[in-house]
Amino acid sequence: MARDTTDTTPLSSVSELSDYLAQGSRPKEQFRIGTEHEKFAFFKADHSPVPYAGEASISALLKGMQAKLGWEPIMDGDNIIGLGEQSGMGAISIEPGGQFELSGAPVETIHETCRESNRHLALVKEIAEPMGIGFLGLGGSPKWTLAETPRMPKSRYDIMTRFMPKVGTKGLDMMYRTCTIQVNLDFSSEADMAAKMRVSMKLQSIATALFAASPFTEGKPNGLLSWRGDIWRDTDNRRSGILPFVFNADFRFADYVEWALDVPMYFIVRDSRYHDCTHVTFRQFMNGALKSEIVQWEPTMGDWTNHLSTLFPEVRLKRFLEMRGADGGPWRRICALPAFWVGLLYDDAALAAAEALTADWTVEDVLAMRDEVPAKGLSARIGKRSVFDVARDAVAIATDGLKSRNRLNGEGQDESIFLQPLEEVLAKKQTMAEDLLALYRGRWNGSVEPSFEEYQY
């Protein structure tokens, strides 16, 4: 996320919260694709993490990029914590452990997504190389302990760091030692949102399996293919995971709002100061719970949009849908993740086929698959089928959906070319995590150090 919003429009009723989400609906011809990716910054000399401050640092990277791009610096007190394009179309931000994130502009095609990622990575490399900094494309930090991982000076992260150990065992690992690729997609109506939310919630673990790329922790295999996927199983279960009510045939914006209202808050921002609000839910906040603690206690639309950004279900609903199941990975996967979901969700026939593929899956089936996938990957099961078989069907549907969209590049190729990394996974019947483990046990001689060279951008 680029920045915490400060919309001071007062909130007076719960219905306004649903109306806010509904205002995200847009005509199909205006659908856009917003891709986000995170990467670990490291010093090439010794593969150590990059601190926030100093001549060679995260803050120096941000300042260098600001000088090149001319984007507006995003500040937290005196600290630069990100950059925003003046038009609001894109942003660069930092995650709690210094993971460097591009939140891409909303674009029309995945061809544009790839060009944007290319430009970003080339610019980052140009600024980072003189500092001896490289960037690693994996889903989990392969080497550094939590204590060795730097902490970024961002107020919301301070509040989350204090809160996470109270609500789960793995929240700090999520914050400081994971990276993801996400895509944000549009809906045309409440019914379209519900159909896309239902299908993508069911299939999110298929993406976790296909993109599994976090088999190492603190220099050794961790027994998992997606350590990141496993971390989310016990981060903060009141705000994370599968949402069973999404599976209901009559799921609506109001159902998501009712759930979100009863999730504890992280903070509100008043006069640029962050107030820790982890002791109240948003519903309690709207009912005046902070009246005796904060002078300007009245809820605003900015408070609601910030709260929505602190919810972490497998698919997050804002004024668009966020697909949150994939590990970070190499450059080609930055394009493959949006290709997978756009192919499934932006073509009517493909969406109908995806609905048919998952029609008989129960909440219990999906939860069981979600629990199995981090360790078993493609060999996990959903009902009577293997995740591999479902993944093969899902990629085929996505391919048809992208071909039907028929968005061509200068060479006359449609967007299905970006699914090639997933086709390779299926052809080998082996995830990237399993490739990494084979290297570790073979050519890498039991060391994760070569990953920094071979999987850097």
# chains A, B, ... in the order shown; residues from 1 in each chain; ligands from 1
>>> closest_atom_pairs(of="range 1-61 of chain A", to="range 271-292 of chain A", cutoff="10 Å", atoms="only C-alpha atoms", output="CSV")
residue,atom,partner,partner_atom,distance
A:Asp4,CA,A:Ser272,CA,10.0
A:Thr6,CA,A:Ser272,CA,8.9
A:Leu11,CA,A:Met286,CA,8.1
A:Ser12,CA,A:Met286,CA,8.1
A:Ser13,CA,A:Met286,CA,8.5
A:Val14,CA,A:Met286,CA,8.7
>>> closest_atom_pairs(of="range 275-370 of chain A", to="range 195-212 of chain A", cutoff="10 Å", atoms="only C-alpha atoms", output="Markdown table")
| residue | atom | partner | partner_atom | distance |
| --- | --- | --- | --- | --- |
| A:Pro313 | CA | A:Met201 | CA | 8.9 |
| A:Glu314 | CA | A:Met201 | CA | 6.3 |
| A:Val315 | CA | A:Met201 | CA | 5.9 |
| A:Arg316 | CA | A:Met197 | CA | 8.6 |
| A:Leu317 | CA | A:Met197 | CA | 8.2 |
| A:Leu321 | CA | A:Met197 | CA | 7.4 |
| A:Glu322 | CA | A:Met197 | CA | 9.4 |
| A:Met323 | CA | A:Gln204 | CA | 7.4 |
| A:Arg324 | CA | A:Gln204 | CA | 7.6 |
| A:Gly325 | CA | A:Thr208 | CA | 5.1 |
| A:Ala326 | CA | A:Thr208 | CA | 4.8 |
| A:Asp327 | CA | A:Phe211 | CA | 5.7 |
| A:Gly328 | CA | A:Phe211 | CA | 7.7 |
| A:Gly329 | CA | A:Phe211 | CA | 7.6 |
| A:Arg333 | CA | A:Phe211 | CA | 7.9 |
| A:Ala336 | CA | A:Phe211 | CA | 9.4 |
| A:Leu337 | CA | A:Ala207 | CA | 8.1 |
| A:Phe340 | CA | A:Ala207 | CA | 8.4 |
| A:Trp341 | CA | A:Ser200 | CA | 8.1 |
| A:Leu344 | CA | A:Ser200 | CA | 8.7 |
| A:Leu345 | CA | A:Lys196 | CA | 6.3 |
| A:Tyr346 | CA | A:Lys196 | CA | 9.1 |
| A:Leu351 | CA | A:Lys196 | CA | 7.6 |
| A:Ala352 | CA | A:Ala195 | CA | 9.1 |
| A:Ala354 | CA | A:Val199 | CA | 6.7 |
| A:Glu355 | CA | A:Val199 | CA | 6.0 |
| A:Ala356 | CA | A:Val199 | CA | 9.4 |
| A:Leu357 | CA | A:Val199 | CA | 9.1 |
| A:Thr358 | CA | A:Lys202 | CA | 7.0 |
| A:Ala359 | CA | A:Val199 | CA | 8.8 |
| A:Trp361 | CA | A:Lys202 | CA | 7.8 |
| A:Thr362 | CA | A:Lys202 | CA | 9.1 |
| A:Val363 | CA | A:Lys202 | CA | 8.4 |
| A:Asp365 | CA | A:Lys202 | CA | 9.3 |
| A:Val366 | CA | A:Lys202 | CA | 6.2 |
| A:Leu367 | CA | A:Lys202 | CA | 9.1 |
| A:Met369 | CA | A:Ser205 | CA | 7.1 |
| A:Arg370 | CA | A:Ser205 | CA | 5.7 |
>>> select_by_dssp(residues="range 276-348 of chain A", states="helix (DSSP H, G or I)", output="number ranges by chain")
A: 282-286, 301-308, 331-345, 348
>>> closest_residue(among="A:Asp173, A:Thr109, A:Gly132, A:Arg381", to="Phe31 in chain A", atoms="only C-alpha atoms")
A:Thr109
>>> closest_residue(among="A:Pro330, A:Gly84, A:Pro106, A:Gly34", to="Cys179 in chain A", atoms="only C-alpha atoms")
A:Pro330
>>> closest_residue(among="A:Ala353, A:Val257, A:Leu378, A:Met89", to="Gly401 in chain A", atoms="only C-alpha atoms")
A:Ala353
>>> closest_residue(among="A:Ala254, A:Ile92, A:Val390, A:Met432", to="His37 in chain A", atoms="only C-alpha atoms")
A:Ile92
>>> closest_residue(among="A:Tyr457, A:Phe267, A:Trp304, A:Phe320", to="Pro10 in chain A", atoms="only C-alpha atoms")
A:Trp304
>>> select_by_dssp(residues="range 45-239 of chain A", states="strand (DSSP E)", output="VMD selection string")
chain A and resid 72 to 76 79 to 84 91 to 94 100 to 103 133 to 136 180 to 185 216 to 217 220 to 221
>>> residues_around(residues="Phe251 in chain A", least_positions_apart="5", cutoff="9 Å", atoms="only C-alpha atoms", output="list of chain:residue names")
A:Glu190, A:Ala191, A:Ala194, A:Ala195, A:Arg198, A:Phe245, A:Val246, A:Tyr256
>>> write_last_selection(atoms="N, CA and C atoms", output="short mmCIF file (atom, residue, chain, number, x, y, z; two decimals), in the first residue's frame")
data_model
loop_
_atom_site.label_atom_id
_atom_site.label_comp_id
_atom_site.auth_asym_id
_atom_site.auth_seq_id
_atom_site.Cartn_x
_atom_site.Cartn_y
_atom_site.Cartn_z
N GLU A 190 -22.40 -5.62 -8.14
CA GLU A 190 -22.35 -6.45 -6.93
C GLU A 190 -22.36 -7.93 -7.28
N ALA A 191 -23.17 -8.31 -8.25
CA ALA A 191 -23.24 -9.73 -8.65
C ALA A 191 -21.92 -10.18 -9.28
N ALA A 194 -19.40 -10.65 -6.53
CA ALA A 194 -19.64 -11.87 -5.76
C ALA A 194 -19.16 -13.10 -6.52
N ALA A 195 -19.43 -13.17 -7.82
CA ALA A 195 -18.98 -14.32 -8.61
C ALA A 195 -17.47 -14.41 -8.65
N ARG A 198 -16.07 -15.33 -5.16
CA ARG A 198 -16.31 -16.73 -4.83
C ARG A 198 -15.32 -17.64 -5.56
N PHE A 245 -18.47 -17.01 4.42
CA PHE A 245 -19.70 -16.36 3.95
C PHE A 245 -19.63 -15.97 2.48
N VAL A 246 -18.42 -15.88 1.93
CA VAL A 246 -18.27 -15.56 0.50
C VAL A 246 -18.86 -16.67 -0.36
N TYR A 256 -19.46 -8.48 3.58
CA TYR A 256 -18.05 -8.19 3.82
C TYR A 256 -17.92 -7.07 4.86
#
>>> closest_residue(among="A:Arg151, A:His120, A:Arg156, A:Lys170", to="Trp227 in chain A", atoms="only C-alpha atoms")
A:Lys170
>>> atom_distance(atom1="CA of Asn184 in chain A", atom2="CA of Thr35 in chain A")
6.3 Å
>>> residues_around(residues="range 228-239 of chain A", least_positions_apart="3", cutoff="9 Å", atoms="only C-alpha atoms", output="count of residues only")
43
